[in-house]
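Student: My file is upload_23.tsv. It has TSV, C-alpha atoms and all ligand atoms:
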```
chain	number	residue	atom	x	y	z
A	1	MET	CA	122.90	127.08	119.02
A	2	ILE	CA	121.95	123.41	118.67
A	3	ASN	CA	121.42	122.52	115.02
A	4	VAL	CA	118.60	119.98	114.79
A	5	THR	CA	118.70	119.71	111.02
A	6	GLN	CA	122.34	118.75	110.43
A	7	THR	CA	122.67	117.18	106.99
A	8	PHE	CA	124.88	114.12	106.56
A	9	LEU	CA	126.13	113.50	103.04
A	10	PRO	CA	128.21	110.65	101.58
A	11	PRO	CA	131.55	111.49	99.96
A	12	ILE	CA	130.71	113.08	96.59
A	13	GLU	CA	132.76	110.54	94.57
A	14	GLU	CA	130.79	107.67	96.10
A	15	TYR	CA	127.55	109.44	95.26
A	16	LYS	CA	128.60	110.21	91.67
A	17	LYS	CA	129.18	106.50	90.98
A	18	ILE	CA	125.61	105.77	91.98
A	19	LEU	CA	124.24	108.71	90.01
A	20	GLN	CA	126.19	107.55	86.94
A	21	ARG	CA	124.09	104.37	86.89
A	22	ALA	CA	120.88	106.40	86.69
A	23	TRP	CA	122.39	108.61	83.97
A	24	ASP	CA	123.53	105.55	81.98
A	25	LYS	CA	120.07	104.01	82.10
A	26	LYS	CA	118.29	107.35	81.66
A	27	TRP	CA	115.72	106.09	84.14
A	28	LEU	CA	114.91	108.52	86.93
A	29	THR	CA	111.33	107.68	87.89
A	30	ASN	CA	108.81	104.86	88.17
A	31	ARG	CA	110.51	102.08	90.09
A	32	GLY	CA	113.95	102.22	88.52
A	33	GLU	CA	116.80	99.81	89.19
A	34	LEU	CA	118.37	101.92	91.96
A	35	LEU	CA	115.12	102.22	93.83
A	36	LEU	CA	114.44	98.48	93.66
A	37	GLU	CA	117.99	97.77	94.83
A	38	LEU	CA	117.59	100.15	97.78
A	39	GLU	CA	114.27	98.56	98.71
A	40	ASP	CA	115.88	95.10	98.68
A	41	LYS	CA	118.83	96.23	100.79
A	42	LEU	CA	116.66	98.04	103.33
A	43	SER	CA	114.18	95.21	103.51
A	44	ASP	CA	117.04	92.77	104.27
A	45	TYR	CA	118.68	95.14	106.74
A	46	LEU	CA	115.43	95.80	108.60
A	47	ASN	CA	114.22	92.21	108.17
A	48	ILE	CA	110.85	93.40	106.88
A	49	SER	CA	109.22	91.60	103.97
A	50	ASN	CA	106.38	94.00	103.12
A	51	PHE	CA	108.40	97.05	102.26
A	52	PHE	CA	108.27	99.86	99.71
A	53	ILE	CA	109.75	103.32	99.33
A	54	THR	CA	107.63	106.42	98.90
A	55	THR	CA	108.56	109.87	97.64
A	56	ASN	CA	108.11	111.61	100.98
A	57	GLY	CA	107.17	111.13	104.61
A	58	THR	CA	103.58	112.31	104.33
A	59	LEU	CA	102.43	109.61	101.91
A	60	PRO	CA	103.20	106.63	104.17
A	61	LEU	CA	101.23	108.21	107.00
A	62	GLN	CA	98.22	108.53	104.72
A	63	ILE	CA	98.77	105.07	103.26
A	64	ALA	CA	98.94	103.58	106.78
A	65	ILE	CA	95.65	105.23	107.80
A	66	LYS	CA	94.01	104.10	104.56
A	67	ALA	CA	95.45	100.57	104.65
A	68	LEU	CA	94.31	100.03	108.23
A	69	GLY	CA	90.83	101.27	107.29
A	70	ILE	CA	90.85	103.80	110.10
A	71	LYS	CA	87.77	106.02	110.31
A	72	GLY	CA	87.23	108.18	113.38
A	73	GLU	CA	89.44	109.91	115.90
A	74	ILE	CA	93.21	109.55	115.99
A	75	ILE	CA	95.08	110.66	119.08
A	76	THR	CA	98.27	112.52	118.20
A	77	THR	CA	100.78	115.10	119.29
A	78	PRO	CA	100.37	118.84	118.68
A	79	PHE	CA	104.16	119.24	118.50
A	80	SER	CA	105.30	117.67	115.23
A	81	TYR	CA	105.68	118.43	111.57
A	82	VAL	CA	102.39	119.51	109.97
A	83	ALA	CA	102.14	116.21	108.04
A	84	THR	CA	101.31	114.32	111.25
A	85	THR	CA	98.02	116.18	111.53
A	86	SER	CA	97.41	116.85	107.84
A	87	SER	CA	97.63	113.13	107.01
A	88	ILE	CA	94.87	112.48	109.57
A	89	VAL	CA	92.69	115.25	108.16
A	90	TRP	CA	93.34	114.25	104.52
A	91	GLU	CA	92.14	110.73	105.36
A	92	ASN	CA	88.88	112.17	106.75
A	93	CYS	CA	89.74	111.32	110.33
A	94	THR	CA	89.73	113.71	113.30
A	95	PRO	CA	92.95	114.55	115.16
A	96	VAL	CA	92.66	114.62	118.94
A	97	PHE	CA	95.65	116.32	120.52
A	98	VAL	CA	97.26	115.11	123.70
A	99	ASP	CA	99.78	117.43	125.32
A	100	ILE	CA	103.50	116.71	125.23
A	101	ASP	CA	105.94	115.72	127.94
A	102	LYS	CA	108.11	118.71	128.83
A	103	GLU	CA	111.33	116.68	128.90
A	104	SER	CA	111.09	114.61	125.70
A	105	LEU	CA	108.73	117.03	123.87
A	106	ASN	CA	106.86	113.94	122.65
A	107	ILE	CA	103.24	112.98	123.34
A	108	ASN	CA	102.77	112.37	127.07
A	109	PRO	CA	101.51	108.79	127.52
A	110	ASP	CA	100.12	109.65	130.97
A	111	LEU	CA	97.57	111.96	129.32
A	112	ILE	CA	96.44	109.66	126.51
A	113	GLU	CA	93.85	107.53	128.29
A	114	GLU	CA	91.71	110.48	129.36
A	115	GLN	CA	91.21	111.38	125.67
A	116	ILE	CA	90.11	107.91	124.57
A	117	THR	CA	86.44	107.63	123.62
A	118	GLU	CA	84.40	105.11	121.62
A	119	LYS	CA	85.37	107.14	118.53
A	120	THR	CA	89.12	106.67	119.07
A	121	LYS	CA	90.62	104.34	116.49
A	122	ALA	CA	94.36	104.94	116.64
A	123	ILE	CA	97.32	106.69	118.24
A	124	LEU	CA	99.75	108.45	115.90
A	125	ALA	CA	102.86	109.39	117.84
A	126	THR	CA	106.10	110.85	116.47
A	127	HIS	CA	109.64	111.26	117.72
A	128	VAL	CA	110.87	114.84	118.09
A	129	PHE	CA	114.45	116.11	117.63
A	130	GLY	CA	115.87	112.60	117.95
A	131	ASN	CA	114.09	111.93	121.25
A	132	PRO	CA	112.11	108.72	120.89
A	133	CYS	CA	108.57	108.85	122.23
A	134	ASP	CA	107.62	106.32	124.91
A	135	VAL	CA	106.69	103.59	122.44
A	136	ILE	CA	106.31	100.89	125.08
A	137	SER	CA	103.76	102.84	127.16
A	138	ILE	CA	101.88	103.95	124.05
A	139	GLU	CA	101.80	100.39	122.75
A	140	LEU	CA	100.41	99.12	126.06
A	141	ILE	CA	97.60	101.70	125.95
A	142	ALA	CA	96.86	100.85	122.31
A	143	LYS	CA	96.62	97.15	123.18
A	144	LYS	CA	94.43	97.83	126.22
A	145	TYR	CA	91.89	99.75	124.10
A	146	ASN	CA	92.36	97.74	120.90
A	147	LEU	CA	93.66	100.77	118.97
A	148	ASN	CA	95.92	100.94	115.93
A	149	ILE	CA	99.33	102.44	116.62
B	201	LIG	C1	107.14	113.74	111.96
B	201	LIG	C2	107.09	113.97	110.47
B	201	LIG	N1	106.14	113.34	109.76
B	201	LIG	C3	106.04	113.53	108.42
B	201	LIG	C4	106.90	114.36	107.75
B	201	LIG	C5	106.66	114.60	106.28
B	201	LIG	O1	107.71	114.44	105.47
B	201	LIG	P1	107.67	114.98	103.97
B	201	LIG	O2	107.94	116.44	104.02
B	201	LIG	O3	108.78	114.18	103.36
B	201	LIG	O4	106.33	114.64	103.38
B	201	LIG	C6	107.93	115.01	108.46
B	201	LIG	C7	108.88	115.89	107.78
B	201	LIG	O5	109.72	116.51	108.38
B	201	LIG	C8	108.01	114.80	109.86
B	201	LIG	O6	108.94	115.43	110.58
```
Show how you would write the structure in this file as structure tokens.
Ligand SMILES: Cc1ncc(COP(=O)(O)O)c(C=O)c1O

Tutor:
Amino acid sequence: MINVTQTFLPPIEEYKKILQRAWDKKWLTNRGELLLELEDKLSDYLNISNFFITTNGTLPLQIAIKALGIKGEIITTPFSYVATTSSIVWENCTPVFVDIDKESLNINPDLIEEQITEKTKAILATHVFGNPCDVISIELIAKKYNLNI
């Protein structure tokens, strides 16, 4: 069996030292010191200036759709975690599914263009089981049709 959800944990002693700081401050929510420190470190590491951490992976999808002011159809993959589609629906947009590539299991870029209409506003692709989707091809299509990606 191939385990696709292998969990990687730091050594417990290393983790306890970090947790101790939260215990000492008694500050577990609402933009505490550890969260701000992690944001700074990640923002430096990724070289991204507009950066913030959210509580889960669903929120940023919804925030992205909202922030970009997307209203209409969003082309996406039918083979992903439910949040990919639910975030589209929760933001009052319509998901349009494009079939996946049988090798990568990600959205098949060759099938995207035939689903693009005047209502299409964005492409929301995901990476499955560690296989990256064909970002370059998807980006080229998005540019060609002036779509958010
Ligand atoms: C592709 C994808 N998008 C969004 C999510 C949502 O993450 P969360 O459960 O943290 O909201 C997941 C979670 O596995 C995911 O796999």

Student: As a quick test: using only C-alpha atoms and all ligand atoms, which residues lie no more than 7 Å away from ligand LIG 201 (chain B)? Give them as a short mmCIF file (atom, residue, chain, number, x, y, z; two decimals) with C-alpha atoms, keeping the file's coordinate frame.

Tutor:
```cif
data_model
loop_
_atom_site.label_atom_id
_atom_site.label_comp_id
_atom_site.auth_asym_id
_atom_site.auth_seq_id
_atom_site.Cartn_x
_atom_site.Cartn_y
_atom_site.Cartn_z
CA ASN A 56 108.11 111.61 100.98
CA GLY A 57 107.17 111.13 104.61
CA THR A 58 103.58 112.31 104.33
CA LEU A 59 102.43 109.61 101.91
CA SER A 80 105.30 117.67 115.23
CA TYR A 81 105.68 118.43 111.57
CA ALA A 83 102.14 116.21 108.04
CA THR A 84 101.31 114.32 111.25
CA THR A 126 106.10 110.85 116.47
CA HIS A 127 109.64 111.26 117.72
#
```

Student: Within 10 Å of (100.2, 117.0, 117.6) (coordinates as in the file), grab all the protein and nucleic acid residues, counting all atoms listed in the file, and write them out as a list of chain:residue names.

Tutor: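 Collected hits near the coordinates: A:Ile75, A:Thr76, A:Thr77, A:Pro78, A:Phe79, A:Ser80, A:Tyr81, A:Val82, A:Ala83, A:Thr84, A:Thr85, A:Pro95, A:Val96, A:Phe97, A:Val98, A:Asp99, A:Ile100, A:Asn106, A:Ile107, A:Leu124, A:Ala125, A:Thr126.
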
Student: Would you work out the distance separating atom CA of Thr117 of chain A from atom CA of Cys133 of chain A, expressed in Å to one decimal?

Tutor: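 Those two atoms sit 22.2 Å apart.
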
Student: What's the separation between atom CA of Asp40 of chain A and atom CA of Ile149 of chain A, in Å to one decimal place?

Tutor: 25.5 Å

Student: Separation of atom CA of Leu111 of chain A and atom CA of Val4 of chain A, in Å?

Tutor: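 Separating atom CA of Leu111 of chain A from atom CA of Val4 of chain A is a distance of 26.8 Å.
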
Student: May I ask which of the residues A:Met1, A:Lys143, A:Ile63, A:Tyr45 is the closest one to Glu113 of chain A, counting all atoms listed in the file?

Tutor: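 Looking at the shortest contact to Glu113 of chain A, the residue is A:Lys143.
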
Student: Find the smallest box with edges along x, y and z containing every listed atom of segment 83-97 of chain A, then add 3 Å on each side and report centre and edge lengths in Å to one decimal, as lines of an AutoDock Vina configuration file.

Tutor:
```
center_x = 95.5
center_y = 113.8
center_z = 112.5
size_x = 19.3
size_y = 12.1
size_z = 22.0
```

Student: Any idea what's packed within 12 Å of Ala22 of chain A, counting all atoms listed in the file, ignoring anything in its chain fewer than 4 positions away? Could you give it as a list in words?

Tutor: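 So the residues in contact are Tyr15, Lys16, Lys17, Ile18, Lys26, Trp27, Leu28, Thr29, Arg31, Gly32, Glu33, Leu34 and Leu35 of chain A.
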
Student: Which one is closest to Pro109 of chain A: A:Glu39, A:Asp134, A:Glu14, A:Glu73? Count all atoms listed in the file.

Tutor: A:Asp134
